[in-house]
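*Asks:* Starting off with a structure, shown below.
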Amino acid sequence: MHYLTSLVLAAFAGYAGSWYFGMIEGNFALLLLMAVVVTGIYWLAERFYFLPQRQSAVLKLESETIARRQELTRMGIQKVDTDSDSAREKLLMQPWWLDWTAGLFPVILVVFVLRSFLFEPFKIPSGSMIPTLWIGDLILVNKFHYGFRLPVVNIKLTEGTPVQRGDVMVFRYPPRPSMDYIKRVVGLPGDEVSYLNKQLSINGQVVKRNNLPEFFDESVMRYFKQFDEALGEKPHMLIQDDDRPAFVSGADQFKFYENCRYSVEGVVCKVPPGHYFMMGDNRDNSLDSRYWGFVPDANIVGRAFFVWMNFGNIKRIGGFH
């Protein structure tokens, strides 16, 4: 079994290494699921086969030790120099290949359940959500807010809370579903979203915003215009770059592209059923639905709600809108 286990562990290490060095496109949810299955099989084998075998060997050793002592007593030898405790411990000890599989199963199972159904941590890699989320923020995502979903296949099991405008959502990037993106929900199914001359309107109604003091973006060492905007129940902040033009350049030919009209002023899109229109709070520095289209409901991962750490700025810890 140790040869087979070595091959299994080598396969996991090879997959992780190839993913790390960019040789393949990895899927952490699938990798974690496979780890649960493999270690679970070893855990069951340990509990119902290997452990009983070792326990039987210990019982046999103890019975042989008792019989030997009785025989020596009959021969008049009272002092017996045996180290049965050490032998017992060695017999009960898990071999390395069980320790690295069955022994890890409870930990991997807990991580799998927490990550798949409750909360998942993410790290913000870019500035597209500044000023709400900064580069390096470590955030928590509520996986059950929009309903429970099966891991890997992402099939929805329960309805949960409906998606609301203004939610900060993590989702599978439509052009490349193996990647997770984070943006703000701007348009719901059936909405007409207009972003013309850097002014957002939904269903013909201009979204109100107020001027705020300029925001200094430490990642680029520049000041930007800052506003608060009321998409949901609570306003959120956004920034704009006056040096960037209003028109959208380089938009992909995405699914339902015909629902959008592009001009030098910006874009107007009709959100199809079962889809959402997403935008970053850093409006002029965000690769979002204006460029790659709508997010289908099947791609939803969860609702982001808390910054639990930023090693460069611990004051970032806390909730956000």
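Ligands are numbered from 1 in the order shown, residues from 1 within each chain, and chains are lettered A, B, ... in the order they appear in the structure tokens.
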How would you write, as a PDB file with N, CA and C atoms, in the first residue's frame, the set of residues in segment 3-244 of chain A that DSSP gives as helix (DSSP H, G or I)?

*Replies:*
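states-v4.pdb was written with the following content:
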```pdb
ATOM      1  N   TYR A   3       3.472   1.895  -1.681  1.00  0.00           N
ATOM      2  CA  TYR A   3       3.839   2.256  -3.046  1.00  0.00           C
ATOM      3  C   TYR A   3       2.675   2.974  -3.735  1.00  0.00           C
ATOM      4  N   LEU A   4       1.461   2.446  -3.562  1.00  0.00           N
ATOM      5  CA  LEU A   4       0.275   3.072  -4.147  1.00  0.00           C
ATOM      6  C   LEU A   4       0.059   4.468  -3.566  1.00  0.00           C
ATOM      7  N   THR A   5       0.214   4.586  -2.245  1.00  0.00           N
ATOM      8  CA  THR A   5       0.039   5.883  -1.594  1.00  0.00           C
ATOM      9  C   THR A   5       1.066   6.886  -2.081  1.00  0.00           C
ATOM     10  N   SER A   6       2.294   6.432  -2.298  1.00  0.00           N
ATOM     11  CA  SER A   6       3.332   7.317  -2.824  1.00  0.00           C
ATOM     12  C   SER A   6       2.943   7.860  -4.191  1.00  0.00           C
ATOM     13  N   LEU A   7       2.360   7.001  -5.029  1.00  0.00           N
ATOM     14  CA  LEU A   7       1.921   7.436  -6.351  1.00  0.00           C
ATOM     15  C   LEU A   7       0.774   8.444  -6.252  1.00  0.00           C
ATOM     16  N   VAL A   8      -0.168   8.187  -5.336  1.00  0.00           N
ATOM     17  CA  VAL A   8      -1.310   9.100  -5.158  1.00  0.00           C
ATOM     18  C   VAL A   8      -0.832  10.471  -4.687  1.00  0.00           C
ATOM     19  N   LEU A   9       0.036  10.484  -3.672  1.00  0.00           N
ATOM     20  CA  LEU A   9       0.554  11.754  -3.161  1.00  0.00           C
ATOM     21  C   LEU A   9       1.388  12.472  -4.213  1.00  0.00           C
ATOM     22  N   ALA A  10       2.140  11.719  -5.002  1.00  0.00           N
ATOM     23  CA  ALA A  10       2.937  12.317  -6.071  1.00  0.00           C
ATOM     24  C   ALA A  10       2.033  12.948  -7.131  1.00  0.00           C
ATOM     25  N   ALA A  11       0.883  12.300  -7.398  1.00  0.00           N
ATOM     26  CA  ALA A  11      -0.068  12.852  -8.371  1.00  0.00           C
ATOM     27  C   ALA A  11      -0.639  14.184  -7.876  1.00  0.00           C
ATOM     28  N   PHE A  12      -1.000  14.244  -6.583  1.00  0.00           N
ATOM     29  CA  PHE A  12      -1.495  15.496  -6.009  1.00  0.00           C
ATOM     30  C   PHE A  12      -0.422  16.574  -6.064  1.00  0.00           C
ATOM     31  N   ALA A  13       0.800  16.211  -5.696  1.00  0.00           N
ATOM     32  CA  ALA A  13       1.898  17.179  -5.708  1.00  0.00           C
ATOM     33  C   ALA A  13       2.197  17.645  -7.138  1.00  0.00           C
ATOM     34  N   GLY A  14       2.127  16.732  -8.101  1.00  0.00           N
ATOM     35  CA  GLY A  14       2.369  17.094  -9.489  1.00  0.00           C
ATOM     36  C   GLY A  14       1.313  18.042 -10.026  1.00  0.00           C
ATOM     37  N   TYR A  15       0.052  17.784  -9.664  1.00  0.00           N
ATOM     38  CA  TYR A  15      -1.043  18.659 -10.094  1.00  0.00           C
ATOM     39  C   TYR A  15      -0.869  20.054  -9.511  1.00  0.00           C
ATOM     40  N   ALA A  16      -0.601  20.121  -8.191  1.00  0.00           N
ATOM     41  CA  ALA A  16      -0.420  21.413  -7.534  1.00  0.00           C
ATOM     42  C   ALA A  16       0.782  22.161  -8.093  1.00  0.00           C
ATOM     43  N   GLY A  17       1.875  21.439  -8.331  1.00  0.00           N
ATOM     44  CA  GLY A  17       3.066  22.074  -8.872  1.00  0.00           C
ATOM     45  C   GLY A  17       2.854  22.600 -10.280  1.00  0.00           C
ATOM     46  N   SER A  18       2.182  21.810 -11.120  1.00  0.00           N
ATOM     47  CA  SER A  18       1.908  22.244 -12.490  1.00  0.00           C
ATOM     48  C   SER A  18       0.999  23.466 -12.509  1.00  0.00           C
ATOM     49  N   TRP A  19       0.053  23.491 -11.582  1.00  0.00           N
ATOM     50  CA  TRP A  19      -0.845  24.645 -11.464  1.00  0.00           C
ATOM     51  C   TRP A  19      -0.064  25.873 -11.025  1.00  0.00           C
ATOM     52  N   TYR A  20       0.807  25.697 -10.028  1.00  0.00           N
ATOM     53  CA  TYR A  20       1.575  26.812  -9.479  1.00  0.00           C
ATOM     54  C   TYR A  20       2.480  27.441 -10.539  1.00  0.00           C
ATOM     55  N   PHE A  28      -9.167  24.549  -7.652  1.00  0.00           N
ATOM     56  CA  PHE A  28      -8.944  24.223  -6.256  1.00  0.00           C
ATOM     57  C   PHE A  28     -10.118  23.471  -5.648  1.00  0.00           C
ATOM     58  N   ALA A  29     -11.345  23.826  -6.040  1.00  0.00           N
ATOM     59  CA  ALA A  29     -12.526  23.136  -5.506  1.00  0.00           C
ATOM     60  C   ALA A  29     -12.494  21.658  -5.876  1.00  0.00           C
ATOM     61  N   LEU A  30     -12.112  21.356  -7.120  1.00  0.00           N
ATOM     62  CA  LEU A  30     -12.007  19.959  -7.558  1.00  0.00           C
ATOM     63  C   LEU A  30     -10.881  19.254  -6.825  1.00  0.00           C
ATOM     64  N   LEU A  31      -9.743  19.935  -6.667  1.00  0.00           N
ATOM     65  CA  LEU A  31      -8.609  19.346  -5.956  1.00  0.00           C
ATOM     66  C   LEU A  31      -8.985  19.014  -4.518  1.00  0.00           C
ATOM     67  N   LEU A  32      -9.693  19.917  -3.858  1.00  0.00           N
ATOM     68  CA  LEU A  32     -10.107  19.685  -2.478  1.00  0.00           C
ATOM     69  C   LEU A  32     -11.108  18.545  -2.386  1.00  0.00           C
ATOM     70  N   LEU A  33     -12.033  18.472  -3.329  1.00  0.00           N
ATOM     71  CA  LEU A  33     -13.007  17.375  -3.352  1.00  0.00           C
ATOM     72  C   LEU A  33     -12.304  16.036  -3.527  1.00  0.00           C
ATOM     73  N   MET A  34     -11.331  15.965  -4.441  1.00  0.00           N
ATOM     74  CA  MET A  34     -10.593  14.725  -4.645  1.00  0.00           C
ATOM     75  C   MET A  34      -9.801  14.346  -3.389  1.00  0.00           C
ATOM     76  N   ALA A  35      -9.260  15.354  -2.710  1.00  0.00           N
ATOM     77  CA  ALA A  35      -8.526  15.077  -1.473  1.00  0.00           C
ATOM     78  C   ALA A  35      -9.451  14.499  -0.413  1.00  0.00           C
ATOM     79  N   VAL A  36     -10.676  15.011  -0.332  1.00  0.00           N
ATOM     80  CA  VAL A  36     -11.658  14.474   0.619  1.00  0.00           C
ATOM     81  C   VAL A  36     -11.994  13.028   0.290  1.00  0.00           C
ATOM     82  N   VAL A  37     -12.222  12.746  -0.988  1.00  0.00           N
ATOM     83  CA  VAL A  37     -12.583  11.386  -1.413  1.00  0.00           C
ATOM     84  C   VAL A  37     -11.445  10.405  -1.124  1.00  0.00           C
ATOM     85  N   VAL A  38     -10.224  10.765  -1.534  1.00  0.00           N
ATOM     86  CA  VAL A  38      -9.089   9.852  -1.371  1.00  0.00           C
ATOM     87  C   VAL A  38      -8.778   9.623   0.103  1.00  0.00           C
ATOM     88  N   THR A  39      -8.664  10.709   0.887  1.00  0.00           N
ATOM     89  CA  THR A  39      -8.354  10.538   2.313  1.00  0.00           C
ATOM     90  C   THR A  39      -9.511   9.860   3.039  1.00  0.00           C
ATOM     91  N   GLY A  40     -10.742  10.087   2.562  1.00  0.00           N
ATOM     92  CA  GLY A  40     -11.901   9.409   3.171  1.00  0.00           C
ATOM     93  C   GLY A  40     -11.854   7.907   2.973  1.00  0.00           C
ATOM     94  N   ILE A  41     -11.431   7.481   1.786  1.00  0.00           N
ATOM     95  CA  ILE A  41     -11.291   6.042   1.525  1.00  0.00           C
ATOM     96  C   ILE A  41     -10.236   5.439   2.455  1.00  0.00           C
ATOM     97  N   TYR A  42      -9.103   6.129   2.594  1.00  0.00           N
ATOM     98  CA  TYR A  42      -8.060   5.639   3.501  1.00  0.00           C
ATOM     99  C   TYR A  42      -8.554   5.636   4.946  1.00  0.00           C
ATOM    100  N   TRP A  43      -9.339   6.651   5.334  1.00  0.00           N
ATOM    101  CA  TRP A  43      -9.857   6.723   6.703  1.00  0.00           C
ATOM    102  C   TRP A  43     -10.788   5.547   6.991  1.00  0.00           C
ATOM    103  N   LEU A  44     -11.657   5.222   6.030  1.00  0.00           N
ATOM    104  CA  LEU A  44     -12.550   4.074   6.199  1.00  0.00           C
ATOM    105  C   LEU A  44     -11.758   2.773   6.263  1.00  0.00           C
ATOM    106  N   ALA A  45     -10.745   2.658   5.378  1.00  0.00           N
ATOM    107  CA  ALA A  45      -9.909   1.453   5.390  1.00  0.00           C
ATOM    108  C   ALA A  45      -9.155   1.328   6.701  1.00  0.00           C
ATOM    109  N   GLU A  46      -8.678   2.467   7.226  1.00  0.00           N
ATOM    110  CA  GLU A  46      -7.980   2.443   8.510  1.00  0.00           C
ATOM    111  C   GLU A  46      -8.907   2.006   9.636  1.00  0.00           C
ATOM    112  N   ARG A  47     -10.097   2.576   9.661  1.00  0.00           N
ATOM    113  CA  ARG A  47     -11.007   2.303  10.778  1.00  0.00           C
ATOM    114  C   ARG A  47     -11.537   0.878  10.762  1.00  0.00           C
ATOM    115  N   PHE A  48     -11.841   0.364   9.586  1.00  0.00           N
ATOM    116  CA  PHE A  48     -12.524  -0.926   9.510  1.00  0.00           C
ATOM    117  C   PHE A  48     -11.625  -2.085   9.071  1.00  0.00           C
ATOM    118  N   TYR A  49     -10.375  -1.798   8.671  1.00  0.00           N
ATOM    119  CA  TYR A  49      -9.499  -2.894   8.246  1.00  0.00           C
ATOM    120  C   TYR A  49      -8.131  -2.837   8.913  1.00  0.00           C
ATOM    121  N   PHE A  50      -7.374  -1.763   8.676  1.00  0.00           N
ATOM    122  CA  PHE A  50      -5.993  -1.711   9.155  1.00  0.00           C
ATOM    123  C   PHE A  50      -5.913  -1.606  10.675  1.00  0.00           C
ATOM    124  N   LEU A  51      -6.723  -0.746  11.294  1.00  0.00           N
ATOM    125  CA  LEU A  51      -6.705  -0.627  12.755  1.00  0.00           C
ATOM    126  C   LEU A  51      -7.124  -1.925  13.439  1.00  0.00           C
ATOM    127  N   PRO A  52      -8.229  -2.576  13.006  1.00  0.00           N
ATOM    128  CA  PRO A  52      -8.558  -3.873  13.620  1.00  0.00           C
ATOM    129  C   PRO A  52      -7.440  -4.901  13.468  1.00  0.00           C
ATOM    130  N   GLN A  53      -6.727  -4.882  12.338  1.00  0.00           N
ATOM    131  CA  GLN A  53      -5.604  -5.799  12.165  1.00  0.00           C
ATOM    132  C   GLN A  53      -4.514  -5.537  13.205  1.00  0.00           C
ATOM    133  N   ARG A  54      -4.193  -4.249  13.397  1.00  0.00           N
ATOM    134  CA  ARG A  54      -3.157  -3.907  14.373  1.00  0.00           C
ATOM    135  C   ARG A  54      -3.615  -4.247  15.791  1.00  0.00           C
ATOM    136  N   GLN A  55      -4.882  -4.016  16.070  1.00  0.00           N
ATOM    137  CA  GLN A  55      -5.413  -4.349  17.396  1.00  0.00           C
ATOM    138  C   GLN A  55      -5.386  -5.855  17.619  1.00  0.00           C
ATOM    139  N   SER A  56      -5.683  -6.624  16.585  1.00  0.00           N
ATOM    140  CA  SER A  56      -5.606  -8.083  16.706  1.00  0.00           C
ATOM    141  C   SER A  56      -4.174  -8.529  16.970  1.00  0.00           C
ATOM    142  N   ALA A  57      -3.223  -7.866  16.313  1.00  0.00           N
ATOM    143  CA  ALA A  57      -1.815  -8.193  16.538  1.00  0.00           C
ATOM    144  C   ALA A  57      -1.408  -7.886  17.972  1.00  0.00           C
ATOM    145  N   VAL A  58      -1.941  -6.802  18.537  1.00  0.00           N
ATOM    146  CA  VAL A  58      -1.644  -6.451  19.928  1.00  0.00           C
ATOM    147  C   VAL A  58      -2.233  -7.487  20.873  1.00  0.00           C
ATOM    148  N   LEU A  59      -3.478  -7.896  20.613  1.00  0.00           N
ATOM    149  CA  LEU A  59      -4.105  -8.921  21.455  1.00  0.00           C
ATOM    150  C   LEU A  59      -3.321 -10.229  21.401  1.00  0.00           C
ATOM    151  N   LYS A  60      -2.844 -10.577  20.191  1.00  0.00           N
ATOM    152  CA  LYS A  60      -2.042 -11.790  20.053  1.00  0.00           C
ATOM    153  C   LYS A  60      -0.740 -11.662  20.836  1.00  0.00           C
ATOM    154  N   LEU A  61      -0.098 -10.483  20.755  1.00  0.00           N
ATOM    155  CA  LEU A  61       1.134 -10.254  21.497  1.00  0.00           C
ATOM    156  C   LEU A  61       0.901 -10.368  23.000  1.00  0.00           C
ATOM    157  N   GLU A  62      -0.199  -9.761  23.485  1.00  0.00           N
ATOM    158  CA  GLU A  62      -0.489  -9.796  24.915  1.00  0.00           C
ATOM    159  C   GLU A  62      -0.769 -11.210  25.391  1.00  0.00           C
ATOM    160  N   SER A  63      -1.505 -11.987  24.577  1.00  0.00           N
ATOM    161  CA  SER A  63      -1.797 -13.372  24.983  1.00  0.00           C
ATOM    162  C   SER A  63      -0.520 -14.213  24.991  1.00  0.00           C
ATOM    163  N   GLU A  64       0.367 -13.975  23.991  1.00  0.00           N
ATOM    164  CA  GLU A  64       1.632 -14.694  23.961  1.00  0.00           C
ATOM    165  C   GLU A  64       2.519 -14.298  25.127  1.00  0.00           C
ATOM    166  N   THR A  65       2.488 -13.029  25.499  1.00  0.00           N
ATOM    167  CA  THR A  65       3.290 -12.561  26.635  1.00  0.00           C
ATOM    168  C   THR A  65       2.802 -13.193  27.933  1.00  0.00           C
ATOM    169  N   ILE A  66       1.476 -13.253  28.105  1.00  0.00           N
ATOM    170  CA  ILE A  66       0.906 -13.869  29.311  1.00  0.00           C
ATOM    171  C   ILE A  66       1.270 -15.351  29.370  1.00  0.00           C
ATOM    172  N   ALA A  67       1.131 -16.022  28.219  1.00  0.00           N
ATOM    173  CA  ALA A  67       1.442 -17.451  28.180  1.00  0.00           C
ATOM    174  C   ALA A  67       2.924 -17.682  28.494  1.00  0.00           C
ATOM    175  N   ARG A  68       3.783 -16.829  27.984  1.00  0.00           N
ATOM    176  CA  ARG A  68       5.221 -16.962  28.232  1.00  0.00           C
ATOM    177  C   ARG A  68       5.542 -16.747  29.706  1.00  0.00           C
ATOM    178  N   ARG A  69       4.923 -15.766  30.312  1.00  0.00           N
ATOM    179  CA  ARG A  69       5.154 -15.508  31.735  1.00  0.00           C
ATOM    180  C   ARG A  69       4.666 -16.678  32.595  1.00  0.00           C
ATOM    181  N   GLN A  70       3.515 -17.223  32.231  1.00  0.00           N
ATOM    182  CA  GLN A  70       2.995 -18.377  32.978  1.00  0.00           C
ATOM    183  C   GLN A  70       3.932 -19.566  32.865  1.00  0.00           C
ATOM    184  N   GLU A  71       4.466 -19.781  31.658  1.00  0.00           N
ATOM    185  CA  GLU A  71       5.386 -20.889  31.449  1.00  0.00           C
ATOM    186  C   GLU A  71       6.666 -20.701  32.256  1.00  0.00           C
ATOM    187  N   LEU A  72       7.180 -19.451  32.267  1.00  0.00           N
ATOM    188  CA  LEU A  72       8.387 -19.177  33.038  1.00  0.00           C
ATOM    189  C   LEU A  72       8.138 -19.305  34.533  1.00  0.00           C
ATOM    190  N   THR A  73       6.931 -18.940  34.987  1.00  0.00           N
ATOM    191  CA  THR A  73       6.585 -19.076  36.410  1.00  0.00           C
ATOM    192  C   THR A  73       6.567 -20.545  36.815  1.00  0.00           C
ATOM    193  N   ARG A  74       6.024 -21.382  35.917  1.00  0.00           N
ATOM    194  CA  ARG A  74       6.015 -22.817  36.223  1.00  0.00           C
ATOM    195  C   ARG A  74       7.429 -23.378  36.293  1.00  0.00           C
ATOM    196  N   SER A  84       6.927  -5.291  26.809  1.00  0.00           N
ATOM    197  CA  SER A  84       5.731  -5.475  25.982  1.00  0.00           C
ATOM    198  C   SER A  84       5.070  -4.147  25.635  1.00  0.00           C
ATOM    199  N   ASP A  85       5.213  -3.116  26.495  1.00  0.00           N
ATOM    200  CA  ASP A  85       4.582  -1.817  26.229  1.00  0.00           C
ATOM    201  C   ASP A  85       5.151  -1.177  24.970  1.00  0.00           C
ATOM    202  N   SER A  86       6.468  -1.246  24.818  1.00  0.00           N
ATOM    203  CA  SER A  86       7.099  -0.677  23.632  1.00  0.00           C
ATOM    204  C   SER A  86       6.661  -1.406  22.373  1.00  0.00           C
ATOM    205  N   ALA A  87       6.599  -2.714  22.455  1.00  0.00           N
ATOM    206  CA  ALA A  87       6.159  -3.510  21.307  1.00  0.00           C
ATOM    207  C   ALA A  87       4.704  -3.215  20.970  1.00  0.00           C
ATOM    208  N   ARG A  88       3.894  -3.013  22.012  1.00  0.00           N
ATOM    209  CA  ARG A  88       2.473  -2.701  21.808  1.00  0.00           C
ATOM    210  C   ARG A  88       2.305  -1.367  21.076  1.00  0.00           C
ATOM    211  N   GLU A  89       3.071  -0.365  21.494  1.00  0.00           N
ATOM    212  CA  GLU A  89       3.005   0.941  20.839  1.00  0.00           C
ATOM    213  C   GLU A  89       3.411   0.866  19.378  1.00  0.00           C
ATOM    214  N   LYS A  90       4.449   0.094  19.084  1.00  0.00           N
ATOM    215  CA  LYS A  90       4.902  -0.040  17.708  1.00  0.00           C
ATOM    216  C   LYS A  90       3.863  -0.725  16.830  1.00  0.00           C
ATOM    217  N   LEU A  91       3.180  -1.711  17.399  1.00  0.00           N
ATOM    218  CA  LEU A  91       2.150  -2.406  16.633  1.00  0.00           C
ATOM    219  C   LEU A  91       0.951  -1.516  16.332  1.00  0.00           C
ATOM    220  N   LEU A  92       0.582  -0.637  17.298  1.00  0.00           N
ATOM    221  CA  LEU A  92      -0.578   0.230  17.123  1.00  0.00           C
ATOM    222  C   LEU A  92      -0.273   1.477  16.291  1.00  0.00           C
ATOM    223  N   TRP A  96       3.446   5.572   7.909  1.00  0.00           N
ATOM    224  CA  TRP A  96       3.462   6.936   7.373  1.00  0.00           C
ATOM    225  C   TRP A  96       2.391   7.151   6.325  1.00  0.00           C
ATOM    226  N   TRP A  97       2.110   6.151   5.501  1.00  0.00           N
ATOM    227  CA  TRP A  97       1.165   6.331   4.410  1.00  0.00           C
ATOM    228  C   TRP A  97      -0.280   6.441   4.896  1.00  0.00           C
ATOM    229  N   LEU A  98      -0.575   5.948   6.090  1.00  0.00           N
ATOM    230  CA  LEU A  98      -1.899   6.161   6.692  1.00  0.00           C
ATOM    231  C   LEU A  98      -1.946   7.488   7.439  1.00  0.00           C
ATOM    232  N   ASP A  99      -0.825   7.842   8.034  1.00  0.00           N
ATOM    233  CA  ASP A  99      -0.759   9.113   8.757  1.00  0.00           C
ATOM    234  C   ASP A  99      -0.965  10.290   7.807  1.00  0.00           C
ATOM    235  N   ALA A 102      -5.315   8.978   5.937  1.00  0.00           N
ATOM    236  CA  ALA A 102      -6.411   8.857   6.899  1.00  0.00           C
ATOM    237  C   ALA A 102      -6.284   9.873   8.030  1.00  0.00           C
ATOM    238  N   GLY A 103      -5.042  10.159   8.433  1.00  0.00           N
ATOM    239  CA  GLY A 103      -4.838  11.103   9.521  1.00  0.00           C
ATOM    240  C   GLY A 103      -5.233  12.523   9.164  1.00  0.00           C
ATOM    241  N   LEU A 104      -5.183  12.869   7.872  1.00  0.00           N
ATOM    242  CA  LEU A 104      -5.530  14.221   7.430  1.00  0.00           C
ATOM    243  C   LEU A 104      -7.011  14.368   7.063  1.00  0.00           C
ATOM    244  N   PHE A 105      -7.722  13.263   6.961  1.00  0.00           N
ATOM    245  CA  PHE A 105      -9.110  13.315   6.499  1.00  0.00           C
ATOM    246  C   PHE A 105      -9.998  14.244   7.323  1.00  0.00           C
ATOM    247  N   PRO A 106     -10.006  14.188   8.670  1.00  0.00           N
ATOM    248  CA  PRO A 106     -10.899  15.086   9.418  1.00  0.00           C
ATOM    249  C   PRO A 106     -10.626  16.558   9.148  1.00  0.00           C
ATOM    250  N   VAL A 107      -9.349  16.935   9.052  1.00  0.00           N
ATOM    251  CA  VAL A 107      -8.994  18.343   8.802  1.00  0.00           C
ATOM    252  C   VAL A 107      -9.455  18.763   7.414  1.00  0.00           C
ATOM    253  N   ILE A 108      -9.162  17.934   6.402  1.00  0.00           N
ATOM    254  CA  ILE A 108      -9.547  18.261   5.028  1.00  0.00           C
ATOM    255  C   ILE A 108     -11.060  18.324   4.890  1.00  0.00           C
ATOM    256  N   LEU A 109     -11.774  17.434   5.578  1.00  0.00           N
ATOM    257  CA  LEU A 109     -13.234  17.428   5.517  1.00  0.00           C
ATOM    258  C   LEU A 109     -13.814  18.713   6.104  1.00  0.00           C
ATOM    259  N   VAL A 110     -13.282  19.163   7.238  1.00  0.00           N
ATOM    260  CA  VAL A 110     -13.769  20.405   7.857  1.00  0.00           C
ATOM    261  C   VAL A 110     -13.522  21.596   6.925  1.00  0.00           C
ATOM    262  N   VAL A 111     -12.318  21.664   6.352  1.00  0.00           N
ATOM    263  CA  VAL A 111     -11.994  22.751   5.416  1.00  0.00           C
ATOM    264  C   VAL A 111     -12.926  22.713   4.214  1.00  0.00           C
ATOM    265  N   PHE A 112     -13.190  21.510   3.704  1.00  0.00           N
ATOM    266  CA  PHE A 112     -14.059  21.360   2.537  1.00  0.00           C
ATOM    267  C   PHE A 112     -15.474  21.843   2.832  1.00  0.00           C
ATOM    268  N   VAL A 113     -16.026  21.456   3.974  1.00  0.00           N
ATOM    269  CA  VAL A 113     -17.395  21.854   4.333  1.00  0.00           C
ATOM    270  C   VAL A 113     -17.473  23.365   4.544  1.00  0.00           C
ATOM    271  N   LEU A 114     -16.515  23.923   5.296  1.00  0.00           N
ATOM    272  CA  LEU A 114     -16.526  25.363   5.555  1.00  0.00           C
ATOM    273  C   LEU A 114     -16.394  26.152   4.253  1.00  0.00           C
ATOM    274  N   ARG A 115     -15.442  25.735   3.406  1.00  0.00           N
ATOM    275  CA  ARG A 115     -15.182  26.480   2.172  1.00  0.00           C
ATOM    276  C   ARG A 115     -16.302  26.317   1.159  1.00  0.00           C
ATOM    277  N   SER A 116     -16.924  25.159   1.097  1.00  0.00           N
ATOM    278  CA  SER A 116     -17.918  24.876   0.066  1.00  0.00           C
ATOM    279  C   SER A 116     -19.294  25.420   0.409  1.00  0.00           C
ATOM    280  N   PHE A 117     -19.652  25.433   1.703  1.00  0.00           N
ATOM    281  CA  PHE A 117     -21.020  25.750   2.062  1.00  0.00           C
ATOM    282  C   PHE A 117     -21.176  26.960   2.976  1.00  0.00           C
ATOM    283  N   LEU A 118     -20.115  27.403   3.643  1.00  0.00           N
ATOM    284  CA  LEU A 118     -20.276  28.485   4.614  1.00  0.00           C
ATOM    285  C   LEU A 118     -19.495  29.740   4.213  1.00  0.00           C
TER     286      LEU A 118
END
```

*Asks:* Please produce, as a Markdown table, a per-residue contact table for segment 44-142 of chain A versus segment 300-320 of chain A (criterion: any atom at most 12 Å away, only C-alpha atoms considered), showing the nearest atom pair and its distance in Å to one decimal, sorted by chain then residue number.

*Replies:*
```
| residue | atom | partner | partner_atom | distance |
| --- | --- | --- | --- | --- |
| A:Arg115 | CA | A:Val301 | CA | 10.8 |
| A:Ser116 | CA | A:Val301 | CA | 9.5 |
| A:Phe117 | CA | A:Gly302 | CA | 9.8 |
| A:Leu118 | CA | A:Gly302 | CA | 9.5 |
| A:Phe119 | CA | A:Gly302 | CA | 8.6 |
| A:Glu120 | CA | A:Gly302 | CA | 8.7 |
| A:Pro121 | CA | A:Trp308 | CA | 8.8 |
| A:Phe122 | CA | A:Ala304 | CA | 9.1 |
| A:Lys123 | CA | A:Asn310 | CA | 9.2 |
| A:Ile124 | CA | A:Asn310 | CA | 9.7 |
| A:Pro125 | CA | A:Asn310 | CA | 11.9 |
| A:Met129 | CA | A:Phe320 | CA | 11.6 |
| A:Ile130 | CA | A:Phe320 | CA | 11.9 |
| A:Pro131 | CA | A:Phe320 | CA | 10.5 |
| A:Thr132 | CA | A:Phe320 | CA | 7.0 |
| A:Leu133 | CA | A:Phe320 | CA | 8.3 |
| A:Trp134 | CA | A:Arg316 | CA | 8.5 |
| A:Ile135 | CA | A:Asn310 | CA | 8.7 |
| A:Gly136 | CA | A:Asn310 | CA | 5.8 |
| A:Asp137 | CA | A:Asn310 | CA | 4.8 |
| A:Leu138 | CA | A:Met309 | CA | 5.2 |
| A:Ile139 | CA | A:Val307 | CA | 4.3 |
| A:Leu140 | CA | A:Phe306 | CA | 5.4 |
| A:Val141 | CA | A:Ala304 | CA | 4.2 |
| A:Asn142 | CA | A:Arg303 | CA | 5.2 |
```

*Asks:* Near Ser263 of chain A, counting only C-alpha atoms, which residues have an atom at most 9 Å away, once you skip same-chain residues fewer than 5 positions from it, shown as a list in words?

*Replies:* Leu196, Phe247, Val248 and Val268 of chain A

*Asks:* What does the distance between atom CA of Val152 of chain A and atom CA of Asp297 of chain A come to in Å, to one decimal place?

*Replies:* 14.9 Å

*Asks:* Name the residues in contact with Ser178 of chain A at a cut-off of 9 Å, using only C-alpha atoms, excluding same-chain residues fewer than 4 positions from it; report them as a ChimeraX atom specification.

*Replies:* /A:25-28,172-174

*Asks:* For the selection just defined, write its residues with N, CA, C and O atoms to a file, as a tab-separated table (two decimals), in the first residue's frame.

*Replies:*
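Below is the file out_13.tsv, written as the result:
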```tsv
chain	number	residue	atom	x	y	z
A	25	GLU	N	-4.30	24.76	-16.00
A	25	GLU	CA	-5.29	25.62	-15.36
A	25	GLU	C	-5.95	24.82	-14.24
A	25	GLU	O	-6.74	23.92	-14.49
A	26	GLY	N	-5.61	25.14	-13.00
A	26	GLY	CA	-6.06	24.35	-11.87
A	26	GLY	C	-7.47	24.69	-11.42
A	26	GLY	O	-8.05	25.71	-11.78
A	27	ASN	N	-8.01	23.81	-10.61
A	27	ASN	CA	-9.35	23.99	-10.03
A	27	ASN	C	-9.25	23.56	-8.56
A	27	ASN	O	-9.24	22.37	-8.26
A	28	PHE	N	-9.17	24.55	-7.65
A	28	PHE	CA	-8.94	24.22	-6.26
A	28	PHE	C	-10.12	23.47	-5.65
A	28	PHE	O	-9.93	22.57	-4.83
A	172	ARG	N	-17.69	33.44	-10.81
A	172	ARG	CA	-16.78	32.84	-11.78
A	172	ARG	C	-16.74	33.72	-13.03
A	172	ARG	O	-17.79	34.00	-13.62
A	173	TYR	N	-15.54	34.12	-13.40
A	173	TYR	CA	-15.33	35.01	-14.54
A	173	TYR	C	-15.86	34.34	-15.81
A	173	TYR	O	-15.34	33.29	-16.22
A	174	PRO	N	-16.90	34.88	-16.45
A	174	PRO	CA	-17.52	34.18	-17.60
A	174	PRO	C	-16.57	33.75	-18.71
A	174	PRO	O	-16.68	32.62	-19.20
```
